[in-house]
$ cat coords-v4.tsv   # TSV, N, CA and C atoms
chain	number	residue	atom	x	y	z
O	13	MET	N	-22.90	-18.18	19.62
O	13	MET	CA	-23.09	-18.40	18.20
O	13	MET	C	-21.78	-18.23	17.44
O	14	PHE	N	-21.06	-17.14	17.70
O	14	PHE	CA	-19.79	-16.89	17.02
O	14	PHE	C	-18.64	-17.29	17.93
O	15	ASN	N	-17.62	-17.87	17.32
O	15	ASN	CA	-16.38	-18.17	18.02
O	15	ASN	C	-15.32	-17.22	17.49
O	16	PHE	N	-14.71	-16.43	18.37
O	16	PHE	CA	-13.66	-15.50	17.99
O	16	PHE	C	-12.34	-16.06	18.47
O	17	ARG	N	-11.34	-16.04	17.57
O	17	ARG	CA	-10.02	-16.56	17.93
O	17	ARG	C	-8.96	-15.94	17.04
O	18	GLN	N	-7.72	-16.07	17.49
O	18	GLN	CA	-6.60	-15.62	16.66
O	18	GLN	C	-6.37	-16.67	15.58
O	19	ALA	N	-6.13	-16.21	14.38
O	19	ALA	CA	-5.91	-17.11	13.25
O	19	ALA	C	-4.53	-17.75	13.33
O	20	ASN	N	-4.39	-18.86	12.63
O	20	ASN	CA	-3.10	-19.55	12.54
O	20	ASN	C	-2.90	-20.02	11.09
O	21	LEU	N	-1.81	-20.71	10.86
O	21	LEU	CA	-1.49	-21.13	9.48
O	21	LEU	C	-2.53	-22.07	8.88
O	22	GLN	N	-3.27	-22.79	9.71
O	22	GLN	CA	-4.31	-23.66	9.17
O	22	GLN	C	-5.43	-22.84	8.51
O	23	ASP	N	-5.50	-21.55	8.82
O	23	ASP	CA	-6.51	-20.66	8.26
O	23	ASP	C	-6.04	-19.94	7.01
O	24	LEU	N	-4.84	-20.24	6.55
O	24	LEU	CA	-4.22	-19.49	5.47
O	24	LEU	C	-5.11	-19.38	4.23
O	25	GLU	N	-5.67	-20.46	3.77
O	25	GLU	CA	-6.48	-20.42	2.54
O	25	GLU	C	-7.73	-19.57	2.74
O	26	ALA	N	-8.38	-19.70	3.88
O	26	ALA	CA	-9.58	-18.89	4.15
O	26	ALA	C	-9.21	-17.42	4.24
O	27	LEU	N	-8.11	-17.10	4.90
O	27	LEU	CA	-7.67	-15.70	4.99
O	27	LEU	C	-7.36	-15.13	3.61
O	28	MET	N	-6.71	-15.94	2.78
O	28	MET	CA	-6.37	-15.50	1.43
O	28	MET	C	-7.64	-15.25	0.62
O	29	GLN	N	-8.61	-16.14	0.70
O	29	GLN	CA	-9.86	-15.98	-0.04
O	29	GLN	C	-10.64	-14.75	0.43
O	30	LEU	N	-10.69	-14.54	1.73
O	30	LEU	CA	-11.39	-13.36	2.25
O	30	LEU	C	-10.69	-12.07	1.83
O	31	ARG	N	-9.37	-12.10	1.77
O	31	ARG	CA	-8.61	-10.94	1.28
O	31	ARG	C	-8.99	-10.63	-0.17
O	32	LEU	N	-9.07	-11.63	-1.00
O	32	LEU	CA	-9.46	-11.42	-2.40
O	32	LEU	C	-10.88	-10.87	-2.49
O	33	GLU	N	-11.78	-11.37	-1.67
O	33	GLU	CA	-13.15	-10.85	-1.68
O	33	GLU	C	-13.19	-9.38	-1.25
O	34	LEU	N	-12.41	-9.05	-0.24
O	34	LEU	CA	-12.31	-7.65	0.21
O	34	LEU	C	-11.82	-6.76	-0.94
O	35	LEU	N	-10.79	-7.19	-1.62
O	35	LEU	CA	-10.23	-6.41	-2.72
O	35	LEU	C	-11.22	-6.29	-3.88
O	36	ARG	N	-11.99	-7.34	-4.13
O	36	ARG	CA	-13.04	-7.28	-5.17
O	36	ARG	C	-14.07	-6.22	-4.81
O	37	GLU	N	-14.56	-6.27	-3.58
O	37	GLU	CA	-15.58	-5.31	-3.15
O	37	GLU	C	-15.05	-3.89	-3.12
O	38	ALA	N	-13.76	-3.73	-2.85
O	38	ALA	CA	-13.15	-2.40	-2.82
O	38	ALA	C	-12.84	-1.89	-4.23
O	39	GLY	N	-13.05	-2.73	-5.24
O	39	GLY	CA	-12.81	-2.33	-6.62
O	39	GLY	C	-11.38	-2.45	-7.07
O	40	GLU	N	-10.54	-3.09	-6.26
O	40	GLU	CA	-9.13	-3.26	-6.63
O	40	GLU	C	-8.92	-4.46	-7.54
O	41	ILE	N	-9.90	-5.36	-7.59
O	41	ILE	CA	-9.90	-6.47	-8.54
O	41	ILE	C	-11.10	-6.22	-9.43
O	42	LYS	N	-10.84	-6.08	-10.70
O	42	LYS	CA	-11.89	-5.75	-11.67
O	42	LYS	C	-12.47	-7.00	-12.32
O	43	GLY	N	-13.78	-7.13	-12.29
O	43	GLY	CA	-14.47	-8.19	-13.00
O	43	GLY	C	-13.89	-9.57	-12.80
O	44	ASN	N	-13.60	-10.23	-13.90
O	44	ASN	CA	-13.06	-11.59	-13.87
O	44	ASN	C	-11.54	-11.61	-14.00
O	45	SER	N	-10.88	-10.61	-13.46
O	45	SER	CA	-9.42	-10.55	-13.53
O	45	SER	C	-8.80	-11.82	-12.98
O	46	ASP	N	-7.70	-12.22	-13.58
O	46	ASP	CA	-6.95	-13.37	-13.09
O	46	ASP	C	-6.26	-12.98	-11.78
O	47	THR	N	-6.59	-13.67	-10.72
O	47	THR	CA	-6.02	-13.36	-9.41
O	47	THR	C	-4.96	-14.37	-8.97
O	48	THR	N	-4.50	-15.19	-9.91
O	48	THR	CA	-3.54	-16.24	-9.57
O	48	THR	C	-2.29	-15.67	-8.91
O	49	ASN	N	-1.69	-14.64	-9.50
O	49	ASN	CA	-0.46	-14.06	-8.95
O	49	ASN	C	-0.71	-13.38	-7.61
O	50	LEU	N	-1.83	-12.67	-7.52
O	50	LEU	CA	-2.17	-12.00	-6.26
O	50	LEU	C	-2.43	-13.03	-5.16
O	51	ALA	N	-3.14	-14.09	-5.49
O	51	ALA	CA	-3.41	-15.14	-4.51
O	51	ALA	C	-2.11	-15.77	-4.03
O	52	GLU	N	-1.21	-16.05	-4.95
O	52	GLU	CA	0.07	-16.66	-4.57
O	52	GLU	C	0.91	-15.70	-3.71
O	53	ALA	N	0.94	-14.43	-4.07
O	53	ALA	CA	1.69	-13.44	-3.28
O	53	ALA	C	1.09	-13.31	-1.88
O	54	THR	N	-0.23	-13.34	-1.80
O	54	THR	CA	-0.91	-13.25	-0.50
O	54	THR	C	-0.61	-14.48	0.33
O	55	ARG	N	-0.69	-15.65	-0.28
O	55	ARG	CA	-0.38	-16.92	0.39
O	55	ARG	C	1.05	-16.89	0.94
O	56	LYS	N	2.00	-16.43	0.13
O	56	LYS	CA	3.41	-16.34	0.54
O	56	LYS	C	3.57	-15.39	1.71
O	57	TYR	N	2.94	-14.21	1.63
O	57	TYR	CA	3.01	-13.21	2.69
O	57	TYR	C	2.50	-13.82	4.00
O	58	LEU	N	1.31	-14.39	3.95
O	58	LEU	CA	0.70	-14.93	5.17
O	58	LEU	C	1.52	-16.09	5.74
O	59	SER	N	2.04	-16.94	4.88
O	59	SER	CA	2.81	-18.09	5.36
O	59	SER	C	4.12	-17.67	6.02
O	60	GLU	N	4.63	-16.50	5.67
O	60	GLU	CA	5.84	-15.98	6.30
O	60	GLU	C	5.55	-15.11	7.51
O	61	LYS	N	4.55	-14.24	7.38
O	61	LYS	CA	4.32	-13.21	8.40
O	61	LYS	C	3.49	-13.68	9.59
O	62	ILE	N	2.62	-14.67	9.41
O	62	ILE	CA	1.86	-15.17	10.56
O	62	ILE	C	2.79	-15.85	11.57
O	63	PRO	N	3.65	-16.79	11.14
O	63	PRO	CA	4.54	-17.42	12.13
O	63	PRO	C	5.51	-16.45	12.80
O	64	SER	N	5.94	-15.43	12.07
O	64	SER	CA	6.90	-14.48	12.64
O	64	SER	C	6.23	-13.47	13.57
O	65	GLY	N	4.90	-13.41	13.52
O	65	GLY	CA	4.18	-12.44	14.35
O	65	GLY	C	4.11	-11.05	13.74
O	66	GLU	N	4.60	-10.90	12.51
O	66	GLU	CA	4.55	-9.59	11.85
O	66	GLU	C	3.15	-9.26	11.33
O	67	PHE	N	2.33	-10.28	11.12
O	67	PHE	CA	0.93	-10.10	10.76
O	67	PHE	C	0.12	-11.02	11.66
O	68	LEU	N	-0.84	-10.44	12.35
O	68	LEU	CA	-1.73	-11.22	13.20
O	68	LEU	C	-3.14	-11.04	12.67
O	69	ALA	N	-3.91	-12.08	12.76
O	69	ALA	CA	-5.30	-12.00	12.30
O	69	ALA	C	-6.20	-12.65	13.33
O	70	TRP	N	-7.42	-12.15	13.39
O	70	TRP	CA	-8.46	-12.76	14.20
O	70	TRP	C	-9.59	-13.14	13.27
O	71	VAL	N	-10.29	-14.19	13.63
O	71	VAL	CA	-11.40	-14.64	12.81
O	71	VAL	C	-12.63	-14.86	13.67
O	72	ALA	N	-13.77	-14.78	13.01
O	72	ALA	CA	-15.05	-15.17	13.61
O	72	ALA	C	-15.52	-16.39	12.86
O	73	GLU	N	-15.91	-17.42	13.60
O	73	GLU	CA	-16.37	-18.66	13.00
O	73	GLU	C	-17.80	-18.97	13.40
O	74	VAL	N	-18.50	-19.60	12.50
O	74	VAL	CA	-19.81	-20.17	12.77
O	74	VAL	C	-19.76	-21.59	12.24
O	75	ASP	N	-20.02	-22.55	13.09
O	75	ASP	CA	-19.97	-23.96	12.68
O	75	ASP	C	-18.67	-24.29	11.95
O	76	CYS	N	-17.56	-23.84	12.50
O	76	CYS	CA	-16.21	-24.09	11.97
O	76	CYS	C	-15.95	-23.44	10.62
O	77	GLN	N	-16.81	-22.51	10.18
O	77	GLN	CA	-16.58	-21.77	8.94
O	77	GLN	C	-16.21	-20.33	9.32
O	78	ILE	N	-15.12	-19.83	8.75
O	78	ILE	CA	-14.71	-18.45	9.00
O	78	ILE	C	-15.63	-17.52	8.21
O	79	VAL	N	-16.28	-16.60	8.94
O	79	VAL	CA	-17.23	-15.68	8.30
O	79	VAL	C	-16.75	-14.23	8.33
O	80	ALA	N	-15.68	-13.98	9.09
O	80	ALA	CA	-15.14	-12.62	9.16
O	80	ALA	C	-13.70	-12.68	9.63
O	81	THR	N	-12.96	-11.64	9.29
O	81	THR	CA	-11.56	-11.57	9.69
O	81	THR	C	-11.14	-10.12	9.89
O	82	SER	N	-10.07	-9.97	10.62
O	82	SER	CA	-9.43	-8.65	10.77
O	82	SER	C	-7.94	-8.90	10.99
O	83	GLY	N	-7.12	-7.97	10.55
O	83	GLY	CA	-5.68	-8.15	10.64
O	83	GLY	C	-5.00	-7.01	11.38
O	84	LEU	N	-3.80	-7.29	11.83
O	84	LEU	CA	-3.01	-6.32	12.57
O	84	LEU	C	-1.55	-6.47	12.18
O	85	VAL	N	-0.94	-5.36	11.82
O	85	VAL	CA	0.50	-5.35	11.56
O	85	VAL	C	1.14	-4.30	12.46
O	86	PHE	N	2.36	-4.58	12.83
O	86	PHE	CA	3.14	-3.64	13.62
O	86	PHE	C	4.19	-3.02	12.72
O	87	PHE	N	4.51	-1.77	12.97
O	87	PHE	CA	5.58	-1.13	12.22
O	87	PHE	C	6.29	-0.14	13.13
O	88	GLN	N	7.50	0.18	12.74
O	88	GLN	CA	8.34	1.08	13.52
O	88	GLN	C	8.45	2.40	12.79
O	89	ARG	N	8.19	3.47	13.48
O	89	ARG	CA	8.40	4.80	12.90
O	89	ARG	C	9.28	5.61	13.83
O	90	LEU	N	9.65	6.76	13.40
O	90	LEU	CA	10.49	7.60	14.26
O	90	LEU	C	9.77	7.91	15.57
O	91	PRO	N	10.48	7.85	16.69
O	91	PRO	CA	9.84	8.18	17.96
O	91	PRO	C	9.35	9.63	17.99
O	92	TYR	N	8.33	9.85	18.79
O	92	TYR	CA	7.81	11.20	19.03
O	92	TYR	C	7.34	11.25	20.48
O	93	TYR	N	7.00	12.42	20.97
O	93	TYR	CA	6.68	12.55	22.39
O	93	TYR	C	5.57	11.62	22.86
O	94	GLY	N	4.59	11.37	22.04
O	94	GLY	CA	3.51	10.48	22.42
O	94	GLY	C	3.84	9.01	22.31
O	95	ASN	N	4.98	8.70	21.67
O	95	ASN	CA	5.35	7.30	21.46
O	95	ASN	C	6.87	7.23	21.32
O	96	LEU	N	7.56	7.15	22.43
O	96	LEU	CA	9.02	7.16	22.41
O	96	LEU	C	9.63	5.89	21.82
O	97	SER	N	8.87	4.81	21.80
O	97	SER	CA	9.40	3.58	21.19
O	97	SER	C	9.26	3.61	19.67
O	98	GLY	N	8.29	4.36	19.19
O	98	GLY	CA	8.02	4.41	17.76
O	98	GLY	C	7.23	3.22	17.24
O	99	LEU	N	6.96	2.23	18.08
O	99	LEU	CA	6.21	1.05	17.65
O	99	LEU	C	4.73	1.38	17.54
O	100	GLU	N	4.16	1.08	16.39
O	100	GLU	CA	2.74	1.35	16.17
O	100	GLU	C	2.08	0.14	15.53
O	101	ALA	N	0.78	0.09	15.66
O	101	ALA	CA	-0.01	-1.00	15.09
O	101	ALA	C	-0.99	-0.42	14.09
O	102	TYR	N	-1.26	-1.21	13.06
O	102	TYR	CA	-2.19	-0.80	12.01
O	102	TYR	C	-3.21	-1.91	11.83
O	103	ILE	N	-4.47	-1.58	12.03
O	103	ILE	CA	-5.55	-2.55	11.83
O	103	ILE	C	-5.94	-2.51	10.36
O	104	MET	N	-6.04	-3.68	9.77
O	104	MET	CA	-6.34	-3.75	8.34
O	104	MET	C	-7.14	-5.00	8.02
O	105	ASN	N	-7.58	-5.08	6.80
O	105	ASN	CA	-8.17	-6.31	6.27
O	105	ASN	C	-9.40	-6.75	7.05
O	106	VAL	N	-10.19	-5.80	7.52
O	106	VAL	CA	-11.42	-6.15	8.24
O	106	VAL	C	-12.49	-6.47	7.19
O	107	TYR	N	-13.00	-7.68	7.25
O	107	TYR	CA	-13.95	-8.12	6.23
O	107	TYR	C	-14.91	-9.14	6.82
O	108	THR	N	-16.18	-8.98	6.49
O	108	THR	CA	-17.22	-9.92	6.87
O	108	THR	C	-17.94	-10.38	5.61
O	109	ILE	N	-18.16	-11.67	5.47
O	109	ILE	CA	-18.92	-12.21	4.35
O	109	ILE	C	-20.29	-11.53	4.34
O	110	PRO	N	-20.76	-11.09	3.17
O	110	PRO	CA	-21.99	-10.29	3.10
O	110	PRO	C	-23.18	-10.85	3.89
O	111	MET	N	-23.45	-12.13	3.84
O	111	MET	CA	-24.63	-12.67	4.52
O	111	MET	C	-24.54	-12.60	6.05
O	112	TRP	N	-23.35	-12.33	6.57
O	112	TRP	CA	-23.16	-12.24	8.02
O	112	TRP	C	-23.03	-10.81	8.52
O	113	ARG	N	-23.16	-9.86	7.63
O	113	ARG	CA	-23.00	-8.45	8.02
O	113	ARG	C	-24.20	-7.98	8.85
O	114	GLY	N	-23.97	-6.89	9.58
O	114	GLY	CA	-25.04	-6.29	10.38
O	114	GLY	C	-25.24	-6.96	11.73
O	115	GLN	N	-24.33	-7.83	12.11
O	115	GLN	CA	-24.46	-8.54	13.38
O	115	GLN	C	-23.35	-8.17	14.37
O	116	ARG	N	-22.64	-7.09	14.06
O	116	ARG	CA	-21.59	-6.54	14.92
O	116	ARG	C	-20.38	-7.47	15.08
O	117	ILE	N	-20.17	-8.31	14.08
O	117	ILE	CA	-19.03	-9.23	14.11
O	117	ILE	C	-17.73	-8.45	13.98
O	118	ALA	N	-17.67	-7.52	13.03
O	118	ALA	CA	-16.44	-6.72	12.85
O	118	ALA	C	-16.13	-5.92	14.11
O	119	THR	N	-17.16	-5.40	14.76
O	119	THR	CA	-16.95	-4.66	16.01
O	119	THR	C	-16.32	-5.57	17.06
O	120	ALA	N	-16.81	-6.79	17.16
O	120	ALA	CA	-16.26	-7.75	18.13
O	120	ALA	C	-14.81	-8.09	17.79
O	121	LEU	N	-14.50	-8.25	16.49
O	121	LEU	CA	-13.12	-8.52	16.09
O	121	LEU	C	-12.21	-7.35	16.44
O	122	LEU	N	-12.68	-6.14	16.21
O	122	LEU	CA	-11.89	-4.95	16.57
O	122	LEU	C	-11.64	-4.90	18.07
O	123	LYS	N	-12.62	-5.25	18.86
O	123	LYS	CA	-12.44	-5.28	20.32
O	123	LYS	C	-11.40	-6.32	20.71
O	124	GLU	N	-11.39	-7.46	20.02
O	124	GLU	CA	-10.37	-8.48	20.27
O	124	GLU	C	-8.97	-7.92	20.01
O	125	ILE	N	-8.81	-7.23	18.88
O	125	ILE	CA	-7.51	-6.65	18.53
O	125	ILE	C	-7.10	-5.60	19.54
O	126	ILE	N	-8.00	-4.73	19.89
O	126	ILE	CA	-7.69	-3.65	20.85
O	126	ILE	C	-7.29	-4.25	22.19
O	127	SER	N	-7.98	-5.27	22.64
O	127	SER	CA	-7.61	-5.93	23.91
O	127	SER	C	-6.22	-6.54	23.82
O	128	PHE	N	-5.92	-7.17	22.69
O	128	PHE	CA	-4.60	-7.77	22.49
O	128	PHE	C	-3.51	-6.70	22.54
O	129	VAL	N	-3.72	-5.60	21.81
O	129	VAL	CA	-2.71	-4.55	21.76
O	129	VAL	C	-2.50	-3.93	23.14
O	130	ARG	N	-3.56	-3.68	23.86
O	130	ARG	CA	-3.43	-3.13	25.22
O	130	ARG	C	-2.68	-4.07	26.14
O	131	ALA	N	-2.93	-5.37	25.99
O	131	ALA	CA	-2.29	-6.36	26.87
O	131	ALA	C	-0.82	-6.56	26.53
O	132	THR	N	-0.46	-6.29	25.29
O	132	THR	CA	0.93	-6.53	24.89
O	132	THR	C	1.70	-5.24	24.81
$ encode --input "coords-v4.tsv" --output "C-alpha cells"
Amino acid sequence: MFNFRQANLQDLEALMQLRLELLREAGEIKGNSDTTNLAEATRKYLSEKIPSGEFLAWVAEVDCQIVATSGLVFFQRLPYYGNLSGLEAYIMNVYTIPMWRGQRIATALLKEIISFVRAT
C-alpha cells in the first residue's frame, strides 16, 4: 500500500508544504500568517541541501501522493569517547498528513532512516 523512498529534488514542493503544515500544527505559524518568506527560505534550503547530501529526506507515498516525510541532517561536534569522529545525525521534520496517521507510517520512515545511518 505504501511506497517508502528517499526524497529527491522533484519532491521539493511537497516537502516544503509538509514542513509548513508541521510548523502550523506545532504552533510556530499562527493563524493566517503570511508564510511567503518562510516557504521561500525552506525552498532555498532544500534546493541546496538535498543535492549536497546535507539534508536527506524519506517519504511515504500512496498512489504517487506523498503522505508522510522524515528528515535527517548530519552535523559535526567535538569528538568524545563514544564518538571519536564527532559526526552525528539528527532526525527531524517527521510529519504525517492527519488522515493517514495511526498506520505506523512514521515508524516505518524512522526505520528507513535508522537502516540508512547504520549502513553508512
$ axis_aligned_box --input "coords-v4.tsv" --around "stretch 103-122 of chain O" --padding-each-side "3 Å" --output "JSON"
{"center_x": -14.9, "center_y": -7.1, "center_z": 10.6, "size_x": 26.8, "size_y": 17.1, "size_z": 21.0}
$ residues_around --input "coords-v4.tsv" --residues "O:Asn105" --least-positions-apart "5" --cutoff "6.5 Å" --atoms "all atoms listed in the file" --output "number ranges by chain"
O: 81-83
$ closest_residue --input "coords-v4.tsv" --among "O:Leu84, O:Asn49, O:Ala72, O:Asn15" --to "O:Met104" --atoms "all atoms listed in the file"
O:Leu84
$ residues_around --input "coords-v4.tsv" --residues "O:Ala80" --least-positions-apart "4" --cutoff "7 Å" --atoms "all atoms listed in the file" --output "PyMOL selection string"
chain O and resi 70-73+106-109+117-118
$ closest_residue --input "coords-v4.tsv" --among "O:Arg31, O:Arg36, O:Arg113, O:Arg17" --to "O:Tyr57" --atoms "only C-alpha atoms"
O:Arg31
$ atom_distance --input "coords-v4.tsv" --atom1 "atom N of O:Pro110" --atom2 "atom N of O:Lys123"
18.6 Å
$ atom_distance --input "coords-v4.tsv" --atom1 "atom CA of O:Val129" --atom2 "atom N of O:Ser97"
14.9 Å
$ residues_around --input "coords-v4.tsv" --residues "O:Val74" --least-positions-apart "3" --cutoff "10 Å" --atoms "only C-alpha atoms" --output "ChimeraX atom specification"
/O:13-16,77-80,112
$ write_last_selection --input "coords-v4.tsv" --atoms "N, CA and C atoms" --output "mmCIF file, in the coordinates of the input"
data_model
loop_
_atom_site.group_PDB
_atom_site.id
_atom_site.type_symbol
_atom_site.label_atom_id
_atom_site.label_comp_id
_atom_site.auth_asym_id
_atom_site.auth_seq_id
_atom_site.Cartn_x
_atom_site.Cartn_y
_atom_site.Cartn_z
ATOM 1 N N MET O 13 -22.900 -18.180 19.620
ATOM 2 C CA MET O 13 -23.090 -18.400 18.200
ATOM 3 C C MET O 13 -21.780 -18.230 17.440
ATOM 4 N N PHE O 14 -21.060 -17.140 17.700
ATOM 5 C CA PHE O 14 -19.790 -16.890 17.020
ATOM 6 C C PHE O 14 -18.640 -17.290 17.930
ATOM 7 N N ASN O 15 -17.620 -17.870 17.320
ATOM 8 C CA ASN O 15 -16.380 -18.170 18.020
ATOM 9 C C ASN O 15 -15.320 -17.220 17.490
ATOM 10 N N PHE O 16 -14.710 -16.430 18.370
ATOM 11 C CA PHE O 16 -13.660 -15.500 17.990
ATOM 12 C C PHE O 16 -12.340 -16.060 18.470
ATOM 13 N N GLN O 77 -16.810 -22.510 10.180
ATOM 14 C CA GLN O 77 -16.580 -21.770 8.940
ATOM 15 C C GLN O 77 -16.210 -20.330 9.320
ATOM 16 N N ILE O 78 -15.120 -19.830 8.750
ATOM 17 C CA ILE O 78 -14.710 -18.450 9.000
ATOM 18 C C ILE O 78 -15.630 -17.520 8.210
ATOM 19 N N VAL O 79 -16.280 -16.600 8.940
ATOM 20 C CA VAL O 79 -17.230 -15.680 8.300
ATOM 21 C C VAL O 79 -16.750 -14.230 8.330
ATOM 22 N N ALA O 80 -15.680 -13.980 9.090
ATOM 23 C CA ALA O 80 -15.140 -12.620 9.160
ATOM 24 C C ALA O 80 -13.700 -12.680 9.630
ATOM 25 N N TRP O 112 -23.350 -12.330 6.570
ATOM 26 C CA TRP O 112 -23.160 -12.240 8.020
ATOM 27 C C TRP O 112 -23.030 -10.810 8.520
#
$ atom_distance --input "coords-v4.tsv" --atom1 "atom C of O:Asp46" --atom2 "atom CA of O:Leu32"
10.0 Å
$ select_by_dssp --input "coords-v4.tsv" --residues "stretch 17-125 of chain O" --states "strand (DSSP E)" --output "ChimeraX atom specification"
/O:17-18,67-74,77-88,99-108
$ closest_residue --input "coords-v4.tsv" --among "O:Ala120, O:Leu35, O:Ala101, O:Ala53" --to "O:Glu66" --atoms "only C-alpha atoms"
O:Ala101
$ select_by_dssp --input "coords-v4.tsv" --residues "chain O" --states "alpha helix (DSSP H)" --output "PyMOL selection string"
chain O and resi 24-37+48-64+117-131
$ closest_residue --input "coords-v4.tsv" --among "O:Met111, O:Val85, O:Cys76, O:Leu24" --to "O:Arg55" --atoms "only N, CA and C atoms"
O:Leu24
$ closest_residue --input "coords-v4.tsv" --among "O:Ser127, O:Thr132, O:Thr47, O:Ser64" --to "O:Leu21" --atoms "only C-alpha atoms"
O:Ser64
